[in-house]
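Structure file query17.cif (mmCIF, C-alpha atoms) follows.
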```cif
data_final
loop_
_atom_site.label_atom_id
_atom_site.label_comp_id
_atom_site.auth_asym_id
_atom_site.auth_seq_id
_atom_site.Cartn_x
_atom_site.Cartn_y
_atom_site.Cartn_z
CA MET N 81 56.18 125.83 62.01
CA MET N 82 53.08 127.79 63.00
CA GLY N 83 52.99 129.44 59.60
CA GLN N 84 53.10 126.08 57.87
CA SER N 85 50.07 124.63 59.72
CA LEU N 86 48.08 127.84 59.14
CA TYR N 87 48.94 127.57 55.47
CA ASP N 88 47.70 123.94 55.45
CA PHE N 89 44.52 124.96 57.20
CA PHE N 90 43.60 127.56 54.60
CA GLU N 91 44.63 125.27 51.79
CA ARG N 92 42.26 122.56 53.04
CA ARG N 93 39.33 125.02 53.46
CA GLY N 94 39.96 126.43 50.03
CA ARG N 95 40.07 123.01 48.45
CA ALA N 96 36.82 121.99 50.17
CA VAL N 97 35.04 125.05 48.76
CA ARG N 98 36.51 124.50 45.31
CA VAL N 99 35.55 120.82 45.30
CA GLY N 100 32.04 121.71 46.46
CA ILE N 101 31.52 124.20 43.64
CA GLU N 102 33.05 121.77 41.17
CA ARG N 103 30.60 119.10 42.32
CA LEU N 104 27.71 121.51 41.77
CA GLY N 105 28.96 122.04 38.22
CA ILE N 106 29.20 118.29 37.65
CA ALA N 107 25.66 117.92 39.03
CA ALA N 108 24.36 120.55 36.62
CA ARG N 109 26.06 118.86 33.67
CA PHE N 110 24.75 115.48 34.83
CA THR N 111 21.19 116.85 35.11
CA GLY N 112 21.47 118.20 31.58
CA ALA N 113 22.64 114.83 30.26
CA LEU N 114 19.84 113.11 32.18
CA LEU N 115 17.19 115.41 30.72
CA GLY N 116 18.65 114.70 27.28
CA VAL N 117 17.97 110.98 27.51
CA LEU N 118 14.67 111.29 29.39
CA LEU N 119 12.43 111.18 26.31
CA GLN N 120 14.28 108.14 25.05
CA ALA N 121 14.06 106.46 28.47
CA ILE N 122 10.38 107.11 29.07
CA ARG N 123 9.50 104.87 26.13
CA ARG N 124 11.25 101.87 27.69
CA THR N 125 8.37 101.10 30.03
CA ALA N 126 9.63 97.65 31.02
CA LEU N 127 12.71 99.19 32.63
CA ILE N 128 10.67 101.83 34.44
CA ILE N 129 8.20 99.24 35.70
CA ARG N 130 11.05 97.20 37.12
CA GLU N 131 12.35 100.25 39.00
CA LEU N 132 8.83 101.21 40.08
CA TYR N 133 8.65 97.77 41.65
CA PHE N 134 11.89 98.16 43.58
CA SER N 135 11.40 101.82 44.58
CA GLY N 136 7.63 102.09 44.84
CA VAL N 137 6.05 98.74 45.56
CA ARG N 138 8.73 97.71 48.02
CA SER N 139 8.27 101.00 49.94
CA LEU N 140 4.52 100.46 50.15
CA LEU N 141 4.39 98.62 53.45
CA ILE N 142 6.64 100.99 55.42
CA VAL N 143 4.77 103.99 54.00
CA ALA N 144 1.31 102.60 54.79
CA VAL N 145 2.25 101.48 58.30
CA SER N 146 3.98 104.80 59.06
CA GLY N 147 0.92 106.62 57.74
CA VAL N 148 -1.42 104.79 60.09
CA PHE N 149 0.77 105.52 63.09
CA VAL N 150 1.33 109.18 62.18
CA GLY N 151 -2.45 109.58 61.80
CA MET N 152 -3.03 107.91 65.17
CA VAL N 153 -0.49 110.16 66.90
CA LEU N 154 -2.03 113.25 65.27
CA ALA N 155 -5.47 112.16 66.48
CA VAL N 156 -4.33 111.67 70.08
CA GLN N 157 -2.38 114.94 70.19
CA GLY N 158 -5.01 116.90 68.30
CA TYR N 159 -7.80 115.64 70.53
CA GLU N 160 -5.91 116.64 73.68
CA VAL N 161 -5.74 120.24 72.53
CA LEU N 162 -9.09 120.49 70.73
CA GLN N 163 -11.20 119.17 73.57
CA ARG N 164 -9.93 122.01 75.76
CA TYR N 165 -11.73 124.38 73.41
CA GLY N 166 -14.75 122.15 73.06
CA SER N 167 -14.22 121.53 69.36
CA ALA N 168 -13.15 117.91 69.29
CA GLU N 169 -15.22 117.34 66.12
CA SER N 170 -12.66 119.45 64.24
CA LEU N 171 -10.19 116.63 64.75
CA GLY N 172 -10.84 115.31 61.25
CA VAL N 173 -9.99 118.68 59.70
CA ILE N 174 -6.79 119.12 61.69
CA VAL N 175 -5.56 115.63 60.90
CA ALA N 176 -6.54 115.70 57.23
CA LEU N 177 -5.05 119.13 56.56
CA SER N 178 -1.78 118.36 58.35
CA LEU N 179 -1.50 115.10 56.45
CA VAL N 180 -2.52 116.31 53.01
CA ARG N 181 -0.60 119.57 53.07
CA GLU N 182 2.58 118.76 54.97
CA LEU N 183 3.14 115.46 56.67
CA GLY N 184 2.03 113.28 53.76
CA PRO N 185 4.51 114.61 51.19
CA VAL N 186 7.34 115.30 53.65
CA VAL N 187 7.30 112.13 55.74
CA THR N 188 6.78 109.99 52.64
CA ALA N 189 9.78 111.69 51.03
CA LEU N 190 11.94 111.12 54.12
CA LEU N 191 10.90 107.47 54.25
CA PHE N 192 11.53 107.16 50.52
CA ALA N 193 15.00 108.66 50.94
CA GLY N 194 15.85 106.04 53.54
CA ARG N 195 14.11 103.09 51.94
CA ALA N 196 14.52 103.55 48.17
CA SER N 197 16.97 106.35 47.35
CA SER N 198 19.74 104.84 49.45
CA ALA N 199 19.27 101.50 47.68
CA VAL N 200 19.43 103.17 44.26
CA THR N 201 22.67 104.98 45.17
CA ALA N 202 24.23 101.78 46.50
CA GLU N 203 23.16 99.87 43.40
CA ILE N 204 24.48 102.38 40.88
CA GLY N 205 27.59 102.98 42.98
CA LEU N 206 28.32 99.27 43.04
CA MET N 207 27.74 99.08 39.27
CA ARG N 208 30.33 101.84 38.94
CA ALA N 209 32.75 100.08 41.34
CA THR N 210 32.44 96.74 39.53
CA GLU N 211 32.82 98.53 36.18
CA GLN N 212 29.43 97.43 34.90
CA LEU N 213 28.73 100.99 33.75
CA ALA N 214 32.01 101.04 31.82
CA ALA N 215 31.13 97.66 30.30
CA MET N 216 27.78 99.01 29.12
CA ASP N 217 29.54 101.95 27.53
CA MET N 218 31.82 99.47 25.70
CA MET N 219 28.76 97.65 24.35
CA ALA N 220 27.36 100.95 23.06
CA VAL N 221 24.60 100.88 25.68
CA ASP N 222 24.16 104.31 27.21
CA PRO N 223 24.17 103.79 31.00
CA MET N 224 22.38 107.11 31.38
CA ALA N 225 19.39 105.85 29.41
CA ARG N 226 19.58 102.24 30.54
CA VAL N 227 20.39 102.56 34.27
CA VAL N 228 20.10 106.14 35.50
CA ALA N 229 16.99 107.54 33.78
CA PRO N 230 14.56 104.71 34.70
CA ARG N 231 15.50 104.99 38.37
CA PHE N 232 15.07 108.76 38.25
CA LEU N 233 11.65 108.44 36.59
CA ALA N 234 10.55 105.75 39.03
CA ALA N 235 11.15 108.15 41.95
CA ILE N 236 9.02 110.82 40.28
CA PHE N 237 6.17 108.41 39.57
CA SER N 238 6.20 106.60 42.91
CA MET N 239 6.29 109.63 45.19
CA PRO N 240 2.76 110.96 44.48
CA ILE N 241 1.29 107.45 44.68
CA LEU N 242 3.06 106.72 47.97
CA THR N 243 2.02 110.11 49.34
CA LEU N 244 -1.63 109.42 48.53
CA ILE N 245 -1.39 106.06 50.27
CA PHE N 246 0.36 107.62 53.27
CA SER N 247 -2.26 110.33 53.68
CA SER N 248 -5.15 107.89 53.25
CA ALA N 249 -3.63 105.52 55.79
CA GLY N 250 -3.13 108.47 58.15
CA VAL N 251 -6.76 109.55 57.88
CA ILE N 252 -7.86 106.00 58.56
CA GLY N 253 -5.51 105.80 61.55
CA ALA N 254 -6.95 109.05 62.91
CA TRP N 255 -10.45 107.69 62.36
CA ILE N 256 -9.61 104.55 64.34
CA ILE N 257 -8.38 106.61 67.30
CA GLY N 258 -10.80 109.52 67.06
CA VAL N 259 -14.05 107.79 66.20
CA ARG N 260 -13.62 104.18 67.29
CA LEU N 261 -11.65 104.66 70.51
CA ILE N 262 -12.26 108.23 71.72
CA GLY N 263 -15.81 108.33 70.44
CA ILE N 264 -16.02 111.51 68.36
CA ASP N 265 -19.14 111.55 66.22
CA ASP N 266 -18.50 109.74 62.95
CA GLY N 267 -20.60 112.13 60.87
CA ALA N 268 -18.98 115.26 62.31
CA PHE N 269 -15.51 113.81 61.79
CA TRP N 270 -16.05 113.27 58.06
CA SER N 271 -18.32 116.22 57.28
CA GLN N 272 -16.03 118.78 58.92
CA MET N 273 -13.16 117.23 57.03
CA GLN N 274 -14.99 117.37 53.73
CA ALA N 275 -16.10 120.94 54.34
CA ASN N 276 -12.58 122.17 54.98
CA VAL N 277 -10.28 120.10 52.78
CA ASP N 278 -10.29 121.52 49.29
CA LEU N 279 -9.48 119.27 46.37
CA ARG N 280 -7.55 121.86 44.41
CA ILE N 281 -5.90 123.89 47.16
CA ASP N 282 -5.02 121.06 49.52
CA ILE N 283 -4.93 117.70 47.78
CA VAL N 284 -3.58 118.75 44.38
CA ASN N 285 -0.99 121.07 45.95
CA GLY N 286 0.12 118.22 48.20
CA LEU N 287 0.54 116.01 45.14
CA ILE N 288 2.54 118.70 43.33
CA LYS N 289 4.78 118.90 46.39
CA SER N 290 5.34 115.15 46.39
CA ALA N 291 6.18 115.11 42.68
CA VAL N 292 8.73 117.91 43.19
CA PHE N 293 10.21 115.93 46.08
CA GLY N 294 10.31 112.92 43.76
CA VAL N 295 12.42 114.88 41.26
CA ALA N 296 14.83 115.95 44.02
CA LEU N 297 15.05 112.48 45.55
CA GLY N 298 15.57 110.79 42.19
CA LEU N 299 18.20 113.25 41.09
CA VAL N 300 20.22 113.07 44.32
CA SER N 301 20.15 109.28 44.46
CA VAL N 302 21.27 108.65 40.88
CA PHE N 303 23.86 111.44 40.98
CA GLU N 304 25.50 110.23 44.18
CA GLY N 305 25.53 106.67 42.88
CA TYR N 306 26.87 107.60 39.46
CA PHE N 307 29.76 109.60 40.90
CA ALA N 308 30.50 107.39 43.91
CA ALA N 309 34.15 106.59 44.46
CA PRO N 310 34.62 103.03 43.11
CA THR N 311 35.47 101.50 46.48
CA ALA N 312 33.44 99.89 49.27
CA GLU N 313 34.04 102.99 51.35
CA GLY N 314 33.07 105.26 48.47
CA VAL N 315 29.73 103.49 47.97
CA ALA N 316 29.05 103.61 51.70
CA SER N 317 29.71 107.34 51.98
CA ALA N 318 27.71 108.01 48.79
CA THR N 319 24.72 106.20 50.31
CA THR N 320 24.99 108.23 53.49
CA ARG N 321 25.27 111.44 51.49
CA THR N 322 22.15 110.53 49.52
CA VAL N 323 20.06 110.21 52.68
CA VAL N 324 21.47 113.39 54.23
CA ILE N 325 21.24 115.55 51.11
CA SER N 326 17.80 114.20 50.15
CA SER N 327 16.36 114.87 53.60
CA LEU N 328 17.73 118.40 53.72
CA ALA N 329 16.60 119.10 50.15
CA VAL N 330 13.09 117.86 50.91
CA LEU N 331 12.72 120.02 54.02
CA LEU N 332 14.12 123.06 52.24
CA LEU N 333 11.95 122.58 49.16
CA ASP N 334 8.97 122.03 51.44
CA PHE N 335 9.47 125.43 53.02
CA VAL N 336 9.74 127.14 49.64
CA LEU N 337 6.73 125.30 48.20
CA THR N 338 4.61 125.91 51.31
CA VAL N 339 5.28 129.63 51.16
CA MET N 340 4.41 129.64 47.45
CA MET N 341 1.26 127.55 47.80
CA PHE N 342 -0.34 128.30 51.12
CA ARG N 343 0.73 131.76 52.22
CA GLY N 344 -2.07 134.29 52.46
CA LEU N 345 -4.75 131.79 51.51
CA SER N 346 -7.36 132.66 54.10
CA MET O 122 11.13 87.46 39.19
CA ASN O 123 9.98 87.61 35.61
CA ARG O 124 8.50 90.53 33.79
CA SER O 125 4.81 89.75 34.19
CA ARG O 126 5.19 89.51 37.96
CA PHE O 127 6.72 93.02 37.98
CA ASP O 128 3.87 94.23 35.82
CA PHE O 129 1.32 92.72 38.17
CA ALA O 130 2.89 94.17 41.32
CA VAL O 131 3.29 97.61 39.81
CA GLY O 132 -0.24 97.46 38.41
CA LEU O 133 -1.52 96.67 41.89
CA PHE O 134 0.57 99.55 43.27
CA VAL O 135 -0.86 102.03 40.78
CA ALA O 136 -4.39 100.73 41.42
CA LEU O 137 -3.88 101.24 45.14
CA GLY O 138 -2.67 104.76 44.42
CA LEU O 139 -5.78 105.48 42.35
CA LEU O 140 -7.94 104.05 45.13
CA ALA O 141 -6.22 106.37 47.60
CA LEU O 142 -6.81 109.29 45.23
CA VAL O 143 -10.52 108.48 45.01
CA PHE O 144 -10.66 108.14 48.79
CA MET O 145 -8.94 111.50 49.21
CA ALA O 146 -11.13 113.24 46.65
CA LEU O 147 -14.48 111.85 47.76
CA LYS O 148 -14.16 111.07 51.45
CA VAL O 149 -11.55 113.56 52.66
CA GLY O 150 -11.94 116.33 50.09
CA ASN O 151 -15.02 118.04 48.82
CA LEU O 152 -15.37 116.66 45.32
CA ALA O 153 -18.55 114.84 46.37
CA ASP O 154 -20.26 118.21 46.66
CA PHE O 155 -22.20 119.32 43.64
CA GLY O 156 -19.95 121.14 41.21
CA GLU O 157 -18.87 124.71 41.63
CA THR O 158 -21.16 125.93 38.90
CA GLY O 159 -24.16 123.66 39.51
CA GLY O 160 -27.24 124.68 41.44
CA TYR O 161 -28.94 128.07 41.57
CA LEU O 162 -28.11 131.35 43.24
CA ILE O 163 -30.22 133.22 45.77
CA GLU O 164 -29.42 136.48 47.45
CA ALA O 165 -29.74 137.25 51.14
CA ARG O 166 -29.17 140.59 52.88
CA PHE O 167 -28.01 140.88 56.44
CA ASP O 168 -27.34 143.81 58.78
CA ASN O 169 -24.29 142.00 60.07
CA ILE O 170 -22.76 138.76 58.93
CA GLY O 171 -20.32 138.38 61.81
CA GLY O 172 -17.56 136.00 60.82
CA LEU O 173 -19.28 134.35 57.85
CA LYS O 174 -16.84 133.36 55.12
CA VAL O 175 -17.09 132.46 51.46
CA ARG O 176 -17.62 128.68 51.03
CA ALA O 177 -19.32 128.45 54.43
CA PRO O 178 -22.10 125.84 54.36
CA VAL O 179 -25.77 126.64 53.86
CA LYS O 180 -27.84 124.25 55.91
CA SER O 181 -31.49 123.45 56.24
CA ALA O 182 -32.48 121.40 59.27
CA GLY O 183 -28.77 120.76 59.73
CA VAL O 184 -28.29 119.28 56.27
CA VAL O 185 -25.83 121.00 53.95
CA VAL O 186 -27.81 122.17 50.90
CA GLY O 187 -25.38 124.70 49.46
CA ARG O 188 -22.51 127.05 50.04
CA VAL O 189 -21.86 130.77 50.34
CA GLU O 190 -20.73 131.85 46.89
CA ALA O 191 -19.82 135.50 47.47
CA ILE O 192 -20.08 138.22 50.08
CA GLY O 193 -20.40 141.92 49.28
CA LEU O 194 -21.58 145.21 50.74
CA ASP O 195 -24.48 147.22 49.36
CA ARG O 196 -23.11 150.73 48.77
CA ASP O 197 -26.40 152.49 49.44
CA THR O 198 -27.94 150.61 52.33
CA TYR O 199 -24.71 149.32 53.90
CA GLU O 200 -26.17 145.85 54.16
CA ALA O 201 -24.09 142.75 53.63
CA VAL O 202 -25.14 141.00 50.43
CA VAL O 203 -24.54 137.26 50.54
CA LEU O 204 -24.95 135.07 47.47
CA LEU O 205 -25.91 131.49 48.24
CA ARG O 206 -25.46 128.65 45.80
CA ILE O 207 -28.06 125.99 46.47
CA ALA O 208 -27.90 122.46 45.07
CA PRO O 209 -30.44 121.97 42.26
CA SER O 210 -32.22 119.12 44.04
CA PHE O 211 -33.33 121.34 46.93
CA LYS O 212 -36.21 123.78 46.49
CA PHE O 213 -37.21 126.33 49.10
CA SER O 214 -40.42 128.35 49.41
CA LYS O 215 -40.48 132.10 48.75
CA ASP O 216 -40.92 132.98 52.43
CA THR O 217 -37.85 131.05 53.62
CA ILE O 218 -36.03 132.74 56.48
CA GLY O 219 -32.24 132.82 56.31
CA SER O 220 -30.25 133.28 59.48
CA ILE O 221 -26.57 133.22 60.33
CA LEU O 222 -25.90 130.59 62.95
CA THR O 223 -22.85 129.25 64.71
CA SER O 224 -22.10 125.57 65.17
CA GLY O 225 -21.12 125.34 68.80
CA LEU O 226 -20.07 128.35 70.83
CA LEU O 227 -16.86 129.02 68.93
CA GLY O 228 -17.45 126.93 65.83
CA GLU O 229 -17.69 128.04 62.23
CA GLN O 230 -20.59 130.19 61.09
CA TYR O 231 -23.10 128.99 58.54
CA ILE O 232 -26.40 130.06 57.06
CA GLY O 233 -29.49 128.23 58.20
CA LEU O 234 -32.55 128.21 55.95
CA GLU O 235 -35.97 127.76 57.49
CA PRO O 236 -38.63 127.19 54.83
CA GLY O 237 -42.10 128.65 55.23
CA GLY O 238 -45.43 127.63 53.70
CA ASP O 239 -45.50 129.62 50.47
CA PRO O 240 -46.35 127.34 47.52
CA THR O 241 -44.10 129.26 45.08
CA MET O 242 -40.47 128.31 45.21
CA LEU O 243 -37.33 130.43 45.12
CA ALA O 244 -35.73 130.55 41.70
CA ASN O 245 -32.31 131.62 40.46
CA GLY O 246 -31.55 135.24 41.41
CA ASP O 247 -34.36 135.61 43.95
CA ARG O 248 -33.86 137.39 47.23
CA LEU O 249 -34.70 136.05 50.67
CA GLY O 250 -37.41 138.22 52.25
CA LYS O 251 -36.58 137.70 55.89
CA THR O 252 -33.13 137.31 57.33
CA GLN O 253 -31.65 137.23 60.78
CA SER O 254 -28.17 138.60 61.36
CA ALA O 255 -25.31 136.92 63.08
CA MET O 256 -25.23 136.83 66.82
CA ILE O 257 -22.39 139.09 67.92
CA LEU O 258 -21.15 138.01 71.31
CA GLU O 259 -19.98 141.49 72.35
CA LYS O 260 -23.38 143.02 71.55
CA LEU O 261 -25.17 140.30 73.49
CA ILE O 262 -22.97 140.88 76.51
CA SER O 263 -23.48 144.66 76.44
CA GLN O 264 -27.25 144.18 76.02
CA PHE O 265 -27.24 141.84 78.97
CA LEU O 266 -25.26 144.32 81.07
CA PHE O 267 -27.55 147.22 80.14
CA SER O 268 -30.68 145.27 80.96
CA LYS O 269 -29.15 144.19 84.25
CA ALA O 270 -28.33 147.81 85.05
CA ALA O 271 -31.84 148.88 84.12
CA GLU O 272 -33.59 146.39 86.37
CA THR O 273 -31.43 146.84 89.48
CA PRO O 274 -33.10 150.06 90.78
CA ALA O 275 -36.56 148.53 90.39
CA LYS O 276 -35.62 145.71 92.74
CA ALA O 277 -34.23 148.10 95.32
CA PRO O 278 -36.56 148.68 98.26
#
```

Here is the file; what I need is its structure written in the form of C-alpha cells.
Amino acid sequence: MMGQSLYDFFERRGRAVRVGIERLGIAARFTGALLGVLLQAIRRTALIIRELYFSGVRSLLIVAVSGVFVGMVLAVQGYEVLQRYGSAESLGVIVALSLVRELGPVVTALLFAGRASSAVTAEIGLMRATEQLAAMDMMAVDPMARVVAPRFLAAIFSMPILTLIFSSAGVIGAWIIGVRLIGIDDGAFWSQMQANVDLRIDIVNGLIKSAVFGVALGLVSVFEGYFAAPTAEGVASATTRTVVISSLAVLLLDFVLTVMMFRGLS
Amino acid sequence: MNRSRFDFAVGLFVALGLLALVFMALKVGNLADFGETGGYLIEARFDNIGGLKVRAPVKSAGVVVGRVEAIGLDRDTYEAVVLLRIAPSFKFSKDTIGSILTSGLLGEQYIGLEPGGDPTMLANGDRLGKTQSAMILEKLISQFLFSKAAETPAKAP
C-alpha cells in the first residue's frame, strides 16, 4: 500500500518534468515556425495596425495614468531622502534615471502583460476552442501568419512606444509634485536631469529593454493561446499562465539586461 | 470599427510615442546640448581636481558653456590635465581663470570660468593661464586645525 503511493508520487513528479521539457521543445518549434512567417506577416500592415490598436492604443490610458502616479510616488519618496542630505534639486535626476532605466520598461511590461497579453491569449485560445484556427487551416489560410504573427509583432512595436509614454508621464508627475507642490527650483530640476540623463546610455538602453520585453511578452501570449486546451477551463488557465510567465520573464530578463547594460558604467 | 478608424487611432498612438521620444531626448536627456564633436577644446592644468569627472559641466557665471572632455595626468609635472569642450558660441579672453567648484556642499563638481579683460580670445587648443584647484575638505579641515593650534599660545596670558 505504502509502496504503491510512493510509486504514484514519483510517477507524477517524473511526468511533470517530462511534460515541462516537452513544452519547452514545443515552444522552440513554435518560435521557429513564427520566425518563418514573420517576413510574410510584416507586409500585411492592416492586420498589424488592427492588433496595434487592441494591444497598444487600448493600453495607453492605463500606462499613462500609472506613469503619472509612479512619478509622483518617486518624487515624494525621493524628496524625503534627498532633503536630508540637502540635495533636493537632484530629485529630477533620481526620478528620471529610475524611470528611464528601470521602472519605465519593467512596469510598462507588467501592465502590458495584464492588460494586453492576457487578452491576446484568451482570444487565440478561444479561436482554438471554437475551431476557428482549424477552419482557417481548411481554407488554406495559415493561422500562424494571419492570427499569431500580427499579435506578436504588435507587442514588439507597442512596448517601446508605451514605455516612452510611461516615462514621460512619470517625469511630468514628478514635476507636478516636486516643482509645483514641494517647491523645488524649476530650473535646477530640469538642468540636473538633463546633465545626468544620457541619451545613448539611459534612454536608448531603456528602449532596447522594452523592445526585448515586447518580444518575450508577445511570444508568451501567442504561445499560451495557441496551445491552450480547447475548453473554458483551458483558456482560463492559459490566460493565467500568460500573466505569470510574462511577469517572471520580464523581471528575469530585466536583471540580465541591467547587468549587461549598466554594470561598471561609472 | 472600420479600417480607417484603426489607422487614425494607431497613427495618433505612434505620434504620441514620437512626442514622448522628443520630450525624453530634449527635455529629460541631453540631446539639446551642442553635439559631442562641436565647439572647441581648451586645456586647463590643476594641482588637484578633487572629484571632477568626465562630462562634468563647465560654467561661466553659472551658465553651462561646455563640458569636461577628458582628464589626464602630466607625466613630468604630475599636474592633472583637463580638456574642456566649449560651445562655439561662447568666446573667452586669454586671461580667463578656471577653477574647480562644487555646487552645494556635497554636490557635483564643475569647472567655473571667470573671464578677464584680455582682448584676444582663447582658440582651439589653447591653455588656461591661471587655474585654481579643487577645494579638498580634508585639507581645509587640517589647515583650520593647524592655524587654530598656532594661535592658541599667543592668546594665552

Wanna dump the chain N-chain O contacts at 9 Å for me, each residue with its shortest atom pair and the distance in Å to one decimal, counting only C-alpha atoms, ordered by chain and number, as a Markdown table?
```
| residue | atom | partner | partner_atom | distance |
| --- | --- | --- | --- | --- |
| N:Ala126 | CA | O:Arg124 | CA | 7.7 |
| N:Ile129 | CA | O:Val131 | CA | 6.6 |
| N:Arg130 | CA | O:Phe127 | CA | 6.1 |
| N:Leu132 | CA | O:Val131 | CA | 6.6 |
| N:Tyr133 | CA | O:Val131 | CA | 5.7 |
| N:Gly136 | CA | O:Phe134 | CA | 7.7 |
| N:Val137 | CA | O:Phe134 | CA | 6.0 |
| N:Leu140 | CA | O:Phe134 | CA | 8.0 |
| N:Tyr165 | CA | O:Leu227 | CA | 8.2 |
| N:Gly166 | CA | O:Leu227 | CA | 8.3 |
| N:Ser167 | CA | O:Gly228 | CA | 7.2 |
| N:Gly172 | CA | O:Val149 | CA | 8.8 |
| N:Val173 | CA | O:Val149 | CA | 8.8 |
| N:Ala176 | CA | O:Val149 | CA | 7.1 |
| N:Val180 | CA | O:Met145 | CA | 8.9 |
| N:Ser238 | CA | O:Val135 | CA | 8.7 |
| N:Pro240 | CA | O:Gly138 | CA | 8.2 |
| N:Ile241 | CA | O:Gly138 | CA | 4.8 |
| N:Leu242 | CA | O:Gly138 | CA | 7.0 |
| N:Thr243 | CA | O:Gly138 | CA | 8.7 |
| N:Leu244 | CA | O:Ala141 | CA | 5.6 |
| N:Ile245 | CA | O:Ala141 | CA | 5.5 |
| N:Phe246 | CA | O:Ala141 | CA | 8.8 |
| N:Ser247 | CA | O:Met145 | CA | 8.1 |
| N:Ser248 | CA | O:Ala141 | CA | 5.9 |
| N:Ala249 | CA | O:Ala141 | CA | 8.6 |
| N:Val251 | CA | O:Val149 | CA | 8.1 |
| N:Trp270 | CA | O:Val149 | CA | 7.0 |
| N:Ser271 | CA | O:Val149 | CA | 8.6 |
| N:Met273 | CA | O:Val149 | CA | 5.9 |
| N:Gln274 | CA | O:Gly150 | CA | 4.9 |
| N:Ala275 | CA | O:Asn151 | CA | 6.3 |
| N:Asn276 | CA | O:Gly150 | CA | 7.6 |
| N:Val277 | CA | O:Gly150 | CA | 4.9 |
| N:Asp278 | CA | O:Gly150 | CA | 5.5 |
| N:Leu279 | CA | O:Gly150 | CA | 5.3 |
| N:Asp282 | CA | O:Gly150 | CA | 8.4 |
| N:Ile283 | CA | O:Gly150 | CA | 7.5 |
```

**Item:** Matched chain/residue IDs from the PyMOL selection byres ((chain O and resi 208) around 12), as a PyMOL selection string
**Value:** chain O and resi 154-163+178-181+184-190+205-207+209-213+244-245

Could you tell me, as a CSV table (one decimal) with C-alpha atoms, in the coordinates of the input, exactly which residues end up selected when the PyMOL selection byres ((chain N and resi 207) around 12) is applied to this structure?
```
chain,number,residue,atom,x,y,z
N,200,VAL,CA,19.4,103.2,44.3
N,201,THR,CA,22.7,105.0,45.2
N,202,ALA,CA,24.2,101.8,46.5
N,203,GLU,CA,23.2,99.9,43.4
N,204,ILE,CA,24.5,102.4,40.9
N,205,GLY,CA,27.6,103.0,43.0
N,206,LEU,CA,28.3,99.3,43.0
N,208,ARG,CA,30.3,101.8,38.9
N,209,ALA,CA,32.8,100.1,41.3
N,210,THR,CA,32.4,96.7,39.5
N,211,GLU,CA,32.8,98.5,36.2
N,212,GLN,CA,29.4,97.4,34.9
N,213,LEU,CA,28.7,101.0,33.8
N,214,ALA,CA,32.0,101.0,31.8
N,215,ALA,CA,31.1,97.7,30.3
N,216,MET,CA,27.8,99.0,29.1
N,223,PRO,CA,24.2,103.8,31.0
N,227,VAL,CA,20.4,102.6,34.3
N,228,VAL,CA,20.1,106.1,35.5
N,302,VAL,CA,21.3,108.6,40.9
N,305,GLY,CA,25.5,106.7,42.9
N,306,TYR,CA,26.9,107.6,39.5
N,307,PHE,CA,29.8,109.6,40.9
N,308,ALA,CA,30.5,107.4,43.9
N,309,ALA,CA,34.2,106.6,44.5
N,310,PRO,CA,34.6,103.0,43.1
N,311,THR,CA,35.5,101.5,46.5
N,312,ALA,CA,33.4,99.9,49.3
N,315,VAL,CA,29.7,103.5,48.0
```

**Prompt:** In Å, how far is it from atom CA of Leu119 of chain N to atom CA of Ser327 of chain N?
**Reply:**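 If I compute the distance from atom CA of Leu119 of chain N to atom CA of Ser327 of chain N, I get 27.8 Å.
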
**Prompt:** Could you list as a ChimeraX atom specification every residue that has an atom within 8 Å of (12.8, 112.1, 37.6), using the file's coordinates and counting all atoms listed in the file?
**Reply:** /N:229,231-237,294-296,298-299

**Message:** To test your reading of the syntax: which residues would the PyMOL selection byres ((chain O and resi 249-258) around 7) return for the file shown? Reply as a list of chain:residue names.
**Reply:** O:Glu164, O:Ala165, O:Arg166, O:Phe167, O:Asp168, O:Asn169, O:Ile170, O:Gly171, O:Asp216, O:Thr217, O:Ile218, O:Gly219, O:Ser220, O:Ile221, O:Leu222, O:Asp247, O:Arg248, O:Glu259, O:Lys260, O:Leu261, O:Ile262

Box dimensions and centre (Å, one decimal) enclosing segment 189-206 of chain O, axis-aligned, 5 Å extra per side, as lines of an AutoDock Vina configuration file:
```
center_x = -23.9
center_y = 140.6
center_z = 50.0
size_x = 18.1
size_y = 33.8
size_z = 18.4
```

**Prompt:** Could you list as a count of residues only every residue that has an atom within 7 Å of (14.8, 108.9, 53.8), using the file's coordinates and counting only C-alpha atoms?
**Reply:** 9

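Atom pair atom CA of Ser197 of chain N / atom CA of Ser326 of chain N has a distance of 8.4 Å (rounded to one decimal).
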
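Among the candidates O:Leu204, O:Glu272, O:Ser263, O:Lys215, the residue lying nearest to Ile232 of chain O is O:Leu204 (atoms considered: all atoms listed in the file).
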
**Request:** For atom CA of Leu171 of chain N and atom CA of Asp266 of chain N, quote the distance in Å rounded to one decimal.
**Result:**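 Spanning atom CA of Leu171 of chain N to atom CA of Asp266 of chain N is a straight-line distance of 10.9 Å.
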
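You can rank N:Ile252, N:Val145, N:Leu297, N:Ile106 by their closest distance to Leu333 of chain N using only C-alpha atoms, and at the top of that list sits N:Leu297.
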
**Message:** Restricting the calculation to all atoms listed in the file: of N:Val150, N:Val187, N:Ala121, N:Met341, which residue gets closest to Asp222 of chain N?
**Reply:**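 Once distances to Asp222 of chain N are computed over all atoms listed in the file, the minimum belongs to N:Ala121.
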
**Fill in**
Met340 of chain N proximity check over N:Ile288, N:Met224, N:Val143, N:Leu115, using only C-alpha atoms: winner is N:Ile288
